[in-house]
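**Q** Below is the file final.cif, with mmCIF, C-alpha atoms.
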```cif
data_start
loop_
_atom_site.label_atom_id
_atom_site.label_comp_id
_atom_site.auth_asym_id
_atom_site.auth_seq_id
_atom_site.Cartn_x
_atom_site.Cartn_y
_atom_site.Cartn_z
CA MET T 1 2.97 6.48 2.69
CA SER T 2 -0.18 8.20 1.92
CA GLU T 3 -3.68 7.65 0.80
CA GLY T 4 -5.65 7.56 -2.33
CA SER T 5 -9.08 6.26 -1.43
CA ASN T 6 -10.77 4.47 1.39
CA ASN T 7 -14.13 3.48 2.76
CA THR T 8 -17.04 5.80 2.22
CA PRO T 9 -18.43 7.74 5.20
CA GLY T 10 -20.45 5.59 7.53
CA GLU T 11 -18.40 2.45 6.83
CA SER T 12 -15.79 2.99 9.55
CA ALA T 13 -17.53 1.34 12.52
CA SER T 14 -15.46 -1.82 12.26
CA GLN T 15 -11.77 -1.48 13.03
CA GLY T 16 -11.05 -4.56 10.91
CA THR T 17 -8.20 -6.95 11.42
CA THR T 18 -5.01 -8.00 9.67
CA ARG T 19 -4.91 -11.79 10.00
CA LEU T 20 -1.95 -14.16 9.74
CA SER T 21 -2.39 -17.81 8.76
CA ARG T 22 0.06 -20.54 7.81
CA GLU T 23 -0.22 -23.58 5.57
CA GLY T 24 3.03 -25.49 5.43
CA ALA T 25 5.81 -23.18 4.27
CA ILE T 26 3.37 -20.54 2.99
CA ALA T 27 2.12 -17.74 5.24
CA THR T 28 -0.82 -15.53 4.30
CA ILE T 29 -1.54 -12.05 5.66
CA THR T 30 -5.16 -11.06 5.00
CA PHE T 31 -6.51 -7.52 5.29
CA ASP T 32 -9.99 -8.21 6.60
CA ARG T 33 -12.37 -5.27 6.51
CA PRO T 34 -14.40 -5.98 3.39
CA GLU T 35 -17.30 -3.70 4.35
CA ALA T 36 -14.83 -0.80 3.91
CA ARG T 37 -12.93 -2.33 0.98
CA ASN T 38 -10.20 -3.26 3.46
CA ALA T 39 -9.32 0.38 4.17
CA MET T 40 -6.62 0.28 6.82
CA THR T 41 -7.14 1.47 10.39
CA TRP T 42 -4.31 2.22 12.82
CA GLU T 43 -5.09 -1.11 14.50
CA MET T 44 -4.72 -2.97 11.22
CA TYR T 45 -1.39 -1.27 10.51
CA GLY T 46 -0.17 -2.28 13.97
CA GLN T 47 -1.16 -5.89 13.39
CA LEU T 48 0.58 -5.86 10.00
CA ALA T 49 3.82 -4.71 11.63
CA ALA T 50 3.58 -7.34 14.36
CA HIS T 51 2.98 -10.13 11.84
CA CYS T 52 5.92 -9.03 9.70
CA GLU T 53 8.21 -8.91 12.72
CA ALA T 54 7.18 -12.45 13.66
CA LEU T 55 7.57 -13.79 10.13
CA ALA T 56 11.02 -12.25 9.75
CA ARG T 57 12.19 -14.61 12.53
CA ASP T 58 10.40 -17.72 11.20
CA ARG T 59 12.79 -19.90 9.19
CA GLU T 60 10.05 -22.38 8.31
CA ILE T 61 8.17 -19.88 6.14
CA ARG T 62 9.39 -19.70 2.54
CA VAL T 63 6.80 -17.38 0.95
CA VAL T 64 4.42 -14.75 2.36
CA VAL T 65 1.19 -13.92 0.51
CA PHE T 66 -0.70 -10.67 1.07
CA ARG T 67 -4.39 -10.51 0.17
CA GLY T 68 -7.53 -8.52 0.83
CA ALA T 69 -10.71 -10.16 2.10
CA GLY T 70 -14.01 -10.11 0.24
CA GLY T 71 -12.81 -10.23 -3.36
CA GLN T 72 -13.58 -6.56 -4.09
CA ALA T 73 -10.34 -4.82 -3.13
CA PHE T 74 -6.79 -5.51 -2.01
CA VAL T 75 -6.59 -2.45 0.23
CA ALA T 76 -8.40 0.80 -0.59
CA GLY T 77 -6.00 3.09 1.26
CA THR T 78 -6.14 4.29 4.84
CA ASP T 79 -9.46 5.09 6.51
CA ILE T 80 -9.71 8.80 5.76
CA ALA T 81 -11.96 9.41 8.76
CA GLN T 82 -8.85 8.99 10.91
CA PHE T 83 -7.41 12.21 9.45
CA LEU T 84 -10.17 14.23 11.07
CA ALA T 85 -8.09 14.05 14.26
CA PHE T 86 -5.17 15.87 12.61
CA ARG T 87 -4.72 19.40 13.89
CA ASP T 88 -4.97 22.55 11.80
CA GLY T 89 -2.12 24.55 10.32
CA ALA T 90 1.50 23.94 11.26
CA ASP T 91 0.52 21.44 13.95
CA GLY T 92 -1.30 19.44 11.30
CA GLY T 93 1.91 19.44 9.28
CA GLU T 94 3.70 17.81 12.20
CA ASP T 95 0.87 15.26 12.46
CA GLY T 96 1.46 14.49 8.79
CA VAL T 97 5.19 13.97 9.26
CA ALA T 98 4.55 11.65 12.22
CA TYR T 99 1.94 9.73 10.21
CA GLU T 100 4.16 9.24 7.19
CA GLN T 101 7.06 8.11 9.38
CA ARG T 102 4.84 5.66 11.25
CA ILE T 103 3.40 4.14 8.09
CA ASP T 104 6.78 4.10 6.34
CA SER T 105 8.16 1.97 9.15
CA GLY T 106 5.37 -0.57 8.61
CA ILE T 107 5.81 -0.68 4.83
CA GLN T 108 9.54 -1.15 5.34
CA LEU T 109 8.84 -4.24 7.46
CA VAL T 110 6.95 -5.72 4.50
CA GLU T 111 9.79 -4.84 2.13
CA GLN T 112 12.46 -6.25 4.47
CA LEU T 113 10.91 -9.68 4.92
CA PRO T 114 13.72 -12.10 4.00
CA MET T 115 11.51 -14.51 2.07
CA PRO T 116 9.75 -13.77 -1.23
CA THR T 117 6.43 -11.95 -0.93
CA VAL T 118 3.42 -12.07 -3.25
CA ALA T 119 0.54 -9.58 -3.38
CA VAL T 120 -2.70 -11.13 -4.65
CA ILE T 121 -4.84 -8.27 -5.95
CA GLU T 122 -8.56 -8.29 -6.70
CA GLY T 123 -10.20 -4.98 -7.52
CA TRP T 124 -8.64 -1.79 -6.19
CA ALA T 125 -5.15 -1.31 -4.78
CA VAL T 126 -5.23 2.35 -3.81
CA GLY T 127 -2.98 4.67 -1.82
CA GLY T 128 -1.72 2.68 1.13
CA GLY T 129 -2.83 -0.52 -0.55
CA LEU T 130 -0.72 0.29 -3.60
CA ALA T 131 2.22 1.02 -1.30
CA ILE T 132 1.88 -2.38 0.41
CA ALA T 133 1.58 -4.19 -2.92
CA THR T 134 4.59 -2.33 -4.30
CA ALA T 135 6.68 -3.33 -1.28
CA CYS T 136 6.09 -6.98 -2.24
CA ASP T 137 8.38 -8.86 -4.62
CA PHE T 138 5.68 -10.15 -6.96
CA ARG T 139 2.12 -9.14 -7.74
CA ILE T 140 -0.63 -11.11 -9.45
CA ALA T 141 -4.01 -9.59 -10.17
CA THR T 142 -7.42 -10.18 -11.67
CA THR T 143 -8.26 -8.64 -15.01
CA ASP T 144 -10.44 -5.98 -13.36
CA ALA T 145 -7.73 -4.79 -10.94
CA LYS T 146 -7.03 -1.05 -10.75
CA PHE T 147 -4.10 0.81 -9.23
CA ALA T 148 -4.19 4.43 -8.12
CA VAL T 149 -2.96 7.18 -5.83
CA PRO T 150 -5.66 9.81 -6.49
CA ILE T 151 -4.56 12.21 -3.74
CA ALA T 152 -4.53 15.19 -6.14
CA ARG T 153 -8.27 14.63 -6.52
CA THR T 154 -9.24 13.43 -3.03
CA LEU T 155 -7.13 14.53 -0.06
CA GLY T 156 -4.50 16.99 -1.22
CA ASN T 157 -1.74 15.29 0.77
CA THR T 158 1.46 13.62 -0.39
CA LEU T 159 3.42 10.40 -0.55
CA SER T 160 6.67 9.90 1.32
CA ALA T 161 9.97 9.88 -0.56
CA ALA T 162 10.38 6.17 0.14
CA ASN T 163 7.04 5.31 -1.40
CA ILE T 164 7.57 7.48 -4.46
CA ALA T 165 10.95 5.78 -4.93
CA ARG T 166 9.30 2.34 -4.77
CA LEU T 167 6.60 3.37 -7.23
CA GLN T 168 9.17 4.88 -9.57
CA ALA T 169 11.24 1.68 -9.53
CA ALA T 170 8.20 -0.52 -10.14
CA TRP T 171 6.17 1.60 -12.60
CA GLY T 172 8.59 4.05 -14.21
CA THR T 173 8.72 7.80 -13.70
CA GLN T 174 6.13 8.85 -16.28
CA ARG T 175 3.45 6.45 -15.04
CA VAL T 176 4.01 7.72 -11.51
CA ARG T 177 3.57 11.27 -12.77
CA ARG T 178 0.25 10.22 -14.29
CA MET T 179 -0.82 8.68 -10.98
CA LEU T 180 0.23 11.63 -8.82
CA LEU T 181 -0.26 14.70 -11.03
CA LEU T 182 -3.23 13.54 -13.12
CA ALA T 183 -4.77 11.23 -10.48
CA GLU T 184 -5.00 8.54 -13.17
CA SER T 185 -5.83 4.91 -12.42
CA MET T 186 -3.72 2.21 -14.05
CA LEU T 187 -5.44 -0.92 -15.34
CA ALA T 188 -4.20 -4.48 -15.13
CA ASP T 189 -3.10 -4.72 -18.75
CA GLU T 190 -0.81 -1.70 -18.47
CA ALA T 191 0.51 -2.93 -15.12
CA LEU T 192 1.37 -6.25 -16.74
CA ALA T 193 2.97 -4.65 -19.79
CA CYS T 194 5.33 -2.48 -17.71
CA GLY T 195 6.35 -5.39 -15.49
CA TYR T 196 4.55 -4.25 -12.33
CA LEU T 197 2.42 -7.41 -12.39
CA HIS T 198 3.83 -10.92 -12.67
CA ALA T 199 0.55 -12.31 -14.02
CA VAL T 200 -3.05 -11.36 -14.75
CA CYS T 201 -5.87 -13.88 -14.62
CA THR T 202 -9.58 -14.27 -14.00
CA ALA T 203 -10.93 -14.40 -10.47
CA GLU T 204 -11.55 -18.12 -10.91
CA GLU T 205 -7.90 -18.68 -11.84
CA LEU T 206 -6.43 -16.52 -9.08
CA ASP T 207 -5.84 -19.18 -6.43
CA ALA T 208 -4.24 -21.55 -8.91
CA THR T 209 -2.00 -18.75 -10.22
CA ARG T 210 -0.97 -17.87 -6.68
CA ASP T 211 -0.24 -21.50 -5.84
CA ALA T 212 1.84 -21.99 -8.98
CA LEU T 213 4.00 -18.96 -8.17
CA CYS T 214 4.45 -20.02 -4.55
CA GLU T 215 5.43 -23.51 -5.70
CA ARG T 216 8.12 -22.00 -7.92
CA LEU T 217 9.46 -19.74 -5.17
CA SER T 218 9.41 -22.00 -2.10
CA PRO T 219 12.03 -24.65 -3.09
CA LEU T 220 14.73 -22.15 -4.09
CA ALA T 221 17.74 -21.13 -1.99
CA PRO T 222 16.42 -18.91 0.82
CA VAL T 223 19.73 -17.21 1.63
CA THR T 224 20.20 -16.23 -2.01
CA GLN T 225 16.63 -14.92 -2.13
CA ALA T 226 17.07 -12.94 1.09
CA VAL T 227 20.39 -11.41 0.06
CA SER T 228 19.16 -10.57 -3.43
CA LYS T 229 16.06 -8.90 -1.97
CA GLU T 230 18.15 -6.81 0.41
CA ILE T 231 20.55 -5.67 -2.32
CA LEU T 232 17.62 -4.58 -4.47
CA ARG T 233 16.02 -2.81 -1.50
CA ARG T 234 19.19 -0.91 -0.71
CA LEU T 235 19.61 0.15 -4.33
CA THR T 236 16.07 1.57 -4.34
CA SER T 237 16.27 3.24 -0.94
CA SER T 238 19.82 4.62 -0.99
CA ASN T 239 20.27 8.40 -0.83
CA LEU T 240 16.60 9.19 -0.29
CA PRO T 241 16.15 12.93 0.23
CA ASP T 242 14.75 14.47 3.42
CA VAL T 243 11.30 15.70 2.39
CA ASP T 244 9.78 16.40 5.81
CA ASP T 245 9.44 20.08 4.87
CA LEU T 246 7.30 19.12 1.87
CA ILE T 247 5.20 16.71 3.91
CA ARG T 248 4.58 19.50 6.45
CA GLN T 249 3.57 21.80 3.61
CA CYS T 250 0.90 19.36 2.40
CA TYR T 251 -0.51 18.17 5.71
CA GLY T 252 -0.44 21.67 7.17
CA SER T 253 -2.29 23.20 4.23
CA GLU T 254 -5.86 24.41 4.06
CA ASP T 255 -6.24 22.22 0.98
CA PHE T 256 -5.59 19.08 3.02
CA ARG T 257 -8.25 20.06 5.57
CA GLU T 258 -10.60 20.80 2.68
CA GLY T 259 -9.86 17.42 1.08
CA VAL T 260 -10.59 15.47 4.25
CA GLY T 261 -13.71 17.51 4.95
CA ALA T 262 -15.02 17.19 1.42
CA PHE T 263 -14.47 13.45 1.35
CA THR T 264 -16.26 12.82 4.64
CA GLU T 265 -19.09 15.18 3.60
CA ARG T 266 -19.45 13.51 0.17
CA ARG T 267 -18.81 16.65 -1.84
CA LYS T 268 -16.25 17.78 -4.36
CA PRO T 269 -13.28 19.63 -2.81
CA VAL T 270 -12.55 23.23 -3.70
CA TRP T 271 -8.77 23.62 -3.96
CA ARG T 272 -7.29 27.03 -3.15
CA GLY T 273 -3.57 26.29 -3.33
CA ALA T 274 -3.01 27.32 0.27
#
```
Output the structure of this file as structure tokens.
**A**
Amino acid sequence: MSEGSNNTPGESASQGTTRLSREGAIATITFDRPEARNAMTWEMYGQLAAHCEALARDREIRVVVFRGAGGQAFVAGTDIAQFLAFRDGADGGEDGVAYEQRIDSGIQLVEQLPMPTVAVIEGWAVGGGLAIATACDFRIATTDAKFAVPIARTLGNTLSAANIARLQAAWGTQRVRRMLLLAESMLADEALACGYLHAVCTAEELDATRDALCERLSPLAPVTQAVSKEILRRLTSSNLPDVDDLIRQCYGSEDFREGVGAFTERRKPVWRGA
């Protein structure tokens, strides 16, 4: 997975937390770093993986809800300040491959949960946040929700093959081209029209819409749901190409270093194609 946006410079003091709560047969995973629009830190990704591993073994849970804290964003990507630690040149390319593999493994844990999953989206779902939402089975959003992977404008990095495959299956190829090549944001109405969203509602209606969907999902046959999910996952992920060479090319480029530097310095990047 890769980024699109994140917290602005100076907002990275808190490492945030990814919280797990349960209410009856419904579990909720909350990305809690609202001061940074829930931009994910390494610690938050680790907690997400641990919660998914625990939930995968819990036969009492029938639906898992994913939500961002604060009402302003689902997840606004990965904290870009963390990329300052990536090395230059070819070594940076290897850092990029390791990063994408690490994050892919976490997103796969979301996708492989045996019970239905619901992403509840308010505001932005960007980069890593869009990847997490897309790994869920259903998505509901507020009318002001926006979806983007603006890496061609911000960082100059790339998405993994697995995440592009998920986006392609959920959005369609041409919309993914618009996201990746034009750095376009998709609005809630278009996301609903193409089937990416299950429902769109006001912020005041969001909890009721979530509850209604969970109430429809939770009484159904869990083995059928789990098997159907896995068949769909395998269809999407079968025969994925090895793109590590392309990931190295992006993360090892001068453009990637320029993108990270420009973002943290609050200036527009100057792309050189190298």
**Q** Do you know which residues are at most 12 Å from segment 189-205 of chain T counting all atoms listed in the file, after dropping those on the same chain fewer than 6 positions away, and could you put them as JSON, numbers by chain?
**A** {"T": [70, 71, 72, 118, 119, 120, 121, 122, 123, 125, 130, 133, 134, 135, 136, 137, 138, 139, 140, 141, 142, 143, 144, 145, 146, 147, 148, 166, 167, 168, 169, 170, 171, 172, 173, 174, 175, 176, 211, 212, 213]}
**Q** List the residues matched by the PyMOL selection byres ((chain T and resi 97-104) around 9) in the displayed structure as a list in words, ordered by chain and then by residue number.
**A**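 Applied to this file, the PyMOL selection byres ((chain T and resi 97-104) around 9) returns Met1, Ser2, Tyr45, Gly92, Gly93, Glu94, Asp95, Gly96, Ser105, Gly106, Ile107, Gln108, Leu109, Gly128, Leu159, Ser160, Ala162, Asn163, Asp244, Asp245, Ile247, Arg248 and Tyr251 of chain T.
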**Q** Would you write out, as an MDAnalysis selection string, every residue that the PyMOL selection byres ((chain T and resi 52) around 12) captures in this file?
**A** chainID T and resid 18:20 27:29 45:51 53:58 61 64:66 105:115 117
**Q** Save the residues we just selected, C-alpha atoms, as a short mmCIF file (atom, residue, chain, number, x, y, z; two decimals), in the coordinates of the input?
**A**
```cif
data_model
loop_
_atom_site.label_atom_id
_atom_site.label_comp_id
_atom_site.auth_asym_id
_atom_site.auth_seq_id
_atom_site.Cartn_x
_atom_site.Cartn_y
_atom_site.Cartn_z
CA THR T 18 -5.01 -8.00 9.67
CA ARG T 19 -4.91 -11.79 10.00
CA LEU T 20 -1.95 -14.16 9.74
CA ALA T 27 2.12 -17.74 5.24
CA THR T 28 -0.82 -15.53 4.30
CA ILE T 29 -1.54 -12.05 5.66
CA TYR T 45 -1.39 -1.27 10.51
CA GLY T 46 -0.17 -2.28 13.97
CA GLN T 47 -1.16 -5.89 13.39
CA LEU T 48 0.58 -5.86 10.00
CA ALA T 49 3.82 -4.71 11.63
CA ALA T 50 3.58 -7.34 14.36
CA HIS T 51 2.98 -10.13 11.84
CA GLU T 53 8.21 -8.91 12.72
CA ALA T 54 7.18 -12.45 13.66
CA LEU T 55 7.57 -13.79 10.13
CA ALA T 56 11.02 -12.25 9.75
CA ARG T 57 12.19 -14.61 12.53
CA ASP T 58 10.40 -17.72 11.20
CA ILE T 61 8.17 -19.88 6.14
CA VAL T 64 4.42 -14.75 2.36
CA VAL T 65 1.19 -13.92 0.51
CA PHE T 66 -0.70 -10.67 1.07
CA SER T 105 8.16 1.97 9.15
CA GLY T 106 5.37 -0.57 8.61
CA ILE T 107 5.81 -0.68 4.83
CA GLN T 108 9.54 -1.15 5.34
CA LEU T 109 8.84 -4.24 7.46
CA VAL T 110 6.95 -5.72 4.50
CA GLU T 111 9.79 -4.84 2.13
CA GLN T 112 12.46 -6.25 4.47
CA LEU T 113 10.91 -9.68 4.92
CA PRO T 114 13.72 -12.10 4.00
CA MET T 115 11.51 -14.51 2.07
CA THR T 117 6.43 -11.95 -0.93
#
```
**Q** Find the residues around Thr236 of chain T up to 8 Å (all atoms listed in the file counted), leave out those fewer than 2 positions away in its own chain, and share them as a PDB file with C-alpha atoms, in the coordinates of the input.
**A**
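Output file around-v2.pdb is given in full below:
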```
ATOM      1  CA  ALA T 165      10.950   5.780  -4.930  1.00  0.00           C
ATOM      2  CA  ARG T 166       9.300   2.340  -4.770  1.00  0.00           C
ATOM      3  CA  ALA T 169      11.240   1.680  -9.530  1.00  0.00           C
ATOM      4  CA  LEU T 232      17.620  -4.580  -4.470  1.00  0.00           C
ATOM      5  CA  ARG T 233      16.020  -2.810  -1.500  1.00  0.00           C
ATOM      6  CA  ARG T 234      19.190  -0.910  -0.710  1.00  0.00           C
ATOM      7  CA  SER T 238      19.820   4.620  -0.990  1.00  0.00           C
TER       8      SER T 238
END
```
**Q** Have a look at T:Gly252, T:Gly16, T:Gly77, T:Gly156 and name the one nearest to Val126 of chain T; count only C-alpha atoms.
**A**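 Of all the options, T:Gly77 lies closest to Val126 of chain T.
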**Q** What is the distance, in Å and to one decimal place, between atom CA of Asp79 of chain T and atom CA of Thr41 of chain T?
**A**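 Taking atom CA of Asp79 of chain T as the start and atom CA of Thr41 of chain T as the end point, the length is 5.8 Å.
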**Q** Counting only C-alpha atoms, write as a PyMOL selection string all protein and nucleic acid residues lying at most 10 Å from (-12.2, 20.9, 3.4) in the file's frame.
**A** chain T and resi 155-156+254-265+267-271
**Q** Hey, which of T:Ser228, T:Ser253, T:Thr17, T:Ser218 ends up closest to Met44 of chain T? Count all atoms listed in the file.
**A** T:Thr17
**Q** Atom CA of Trp42 of chain T to atom CA of Cys214 of chain T: how many Å, to one decimal?
**A** 29.5 Å
